[in-house]
Amino acid sequence: MSVNEQAVHSAQLHGIESNDRGLIDLDTYTNDNFTLLGFKLSKVLDDILLIRYADLADDTGDTVMRNGIMVPLAHVQRAWRIGQIVLAGPRCSFTKAGDFVCFPSDKGLPCSNLDVDGVGILKDATFLNEARIFGVCKSNQLKKDANKSTKSSGSSSGKRRRNKVSKTKS
């Protein structure tokens with residue numbers, strides 16, 4: 001099923017006419033870099049998402065992290081990206097601000113140094129229609145941090161060590 005067919009199917013599920021879904025077509029702006037000098041962005045409309053890249057490996061924005069390896073962006077132009085939603089339009093039905101999402105890097109409208117009301121300046125971000133999102137993701141980093149805290153604070157792990165030591169002595 002093509003992306004357009006998926007959008008039509010999604011619109012039909014939500015009782016929206018196919019012509020009403022995605023009124024703002026960001027594909028026509030692929031070679032632009034959006035900026036609002038002297039203004040702050042306070043909200044987005046329609047099914048538009050403002051996404052801050054979450055997979056950048058350094059402050060320059062020239063490389064992304066892939067399985068612990070820094071890869072130059074020139075080598076992942078048509079690959080997937082991971083980002084965190086900063087703003088979501090009122091017609092976004094599957095995502096919300098704060099969600100991590102994966103999406104194709106060659107879609108959307110990139111923006112840099114964008115001042116967002118209540119968030120601050122986003123150095124590297126992109127505008128994307130919700131229909132372009134592959135899926136919503138959850139960070140494993142939170143899970144790893146939780147495991148570290150439970151392993152270090154549990155007293156049962158100390159008991160297990162003592163039992164192992166006492167078994168080897170007898």
# chains A, B, ... in the order shown; residues from 1 in each chain; ligands from 1
$ residues_around --residues "A:Leu49" --least-positions-apart "2" --cutoff "6 Å" --atoms "only C-alpha atoms" --output "list in words"
Leu87, Ala88, Phe127 and Leu128 of chain A
$ write_last_selection --atoms "N, CA and C atoms" --output "mmCIF file, in the first residue's frame"
data_model
loop_
_atom_site.group_PDB
_atom_site.id
_atom_site.type_symbol
_atom_site.label_atom_id
_atom_site.label_comp_id
_atom_site.auth_asym_id
_atom_site.auth_seq_id
_atom_site.Cartn_x
_atom_site.Cartn_y
_atom_site.Cartn_z
ATOM 1 N N LEU A 87 6.177 19.855 18.700
ATOM 2 C CA LEU A 87 4.825 20.373 18.519
ATOM 3 C C LEU A 87 4.062 19.448 17.581
ATOM 4 N N ALA A 88 2.774 19.265 17.856
ATOM 5 C CA ALA A 88 1.919 18.442 17.001
ATOM 6 C C ALA A 88 0.654 19.230 16.681
ATOM 7 N N PHE A 127 9.997 19.759 9.922
ATOM 8 C CA PHE A 127 8.538 19.713 9.883
ATOM 9 C C PHE A 127 8.161 18.521 9.021
ATOM 10 N N LEU A 128 7.164 17.767 9.458
ATOM 11 C CA LEU A 128 6.778 16.560 8.742
ATOM 12 C C LEU A 128 5.287 16.329 8.916
#
$ residues_around --residues "A:Leu122" --least-positions-apart "6" --cutoff "7 Å" --atoms "only C-alpha atoms" --output "PyMOL selection string"
chain A and resi 112-115
$ residues_around --residues "A:Ala54" --least-positions-apart "2" --cutoff "8 Å" --atoms "only C-alpha atoms" --output "PyMOL selection string"
chain A and resi 52+56+82-84
$ select_by_dssp --residues "stretch 54-154 of chain A" --states "strand (DSSP E or B)" --output "VMD selection string"
chain A and resid 56 63 to 66 69 to 72 80 to 88 100 to 104 109 to 116 120 to 129 135 to 137
$ atom_distance --atom1 "atom CA of A:Asn33" --atom2 "atom CA of A:Ile69"
27.1 Å
$ residues_around --residues "A:Gly135" --least-positions-apart "5" --cutoff "8 Å" --atoms "only C-alpha atoms" --output "MDAnalysis selection string"
chainID A and resid 101:103
$ write_last_selection --atoms "N, CA and C atoms" --output "PDB file, in the first residue's frame"
ATOM      1  N   VAL A 101       9.724   9.282  17.415  1.00  0.00           N
ATOM      2  CA  VAL A 101       9.208   8.682  16.191  1.00  0.00           C
ATOM      3  C   VAL A 101      10.350   8.380  15.228  1.00  0.00           C
ATOM      4  N   CYS A 102      10.119   7.421  14.334  1.00  0.00           N
ATOM      5  CA  CYS A 102      11.078   7.155  13.258  1.00  0.00           C
ATOM      6  C   CYS A 102      10.408   7.565  11.942  1.00  0.00           C
ATOM      7  N   PHE A 103      11.214   8.111  11.033  1.00  0.00           N
ATOM      8  CA  PHE A 103      10.688   8.680   9.808  1.00  0.00           C
ATOM      9  C   PHE A 103      11.788   8.722   8.756  1.00  0.00           C
TER      10      PHE A 103
END
$ closest_residue --among "A:Ile85, A:Ala74, A:Ile48, A:Ile121" --to "A:Thr35" --atoms "only C-alpha atoms"
A:Ile121
$ closest_residue --among "A:Tyr53, A:Trp80, A:Phe34, A:Phe39" --to "A:Lys107" --atoms "only C-alpha atoms"
A:Trp80
$ closest_residue --among "A:Ala131, A:Arg81, A:Leu41, A:Asp99" --to "A:Thr63" --atoms "only C-alpha atoms"
A:Arg81
$ atom_distance --atom1 "atom CA of A:Asp62" --atom2 "atom CA of A:Leu45"
29.4 Å
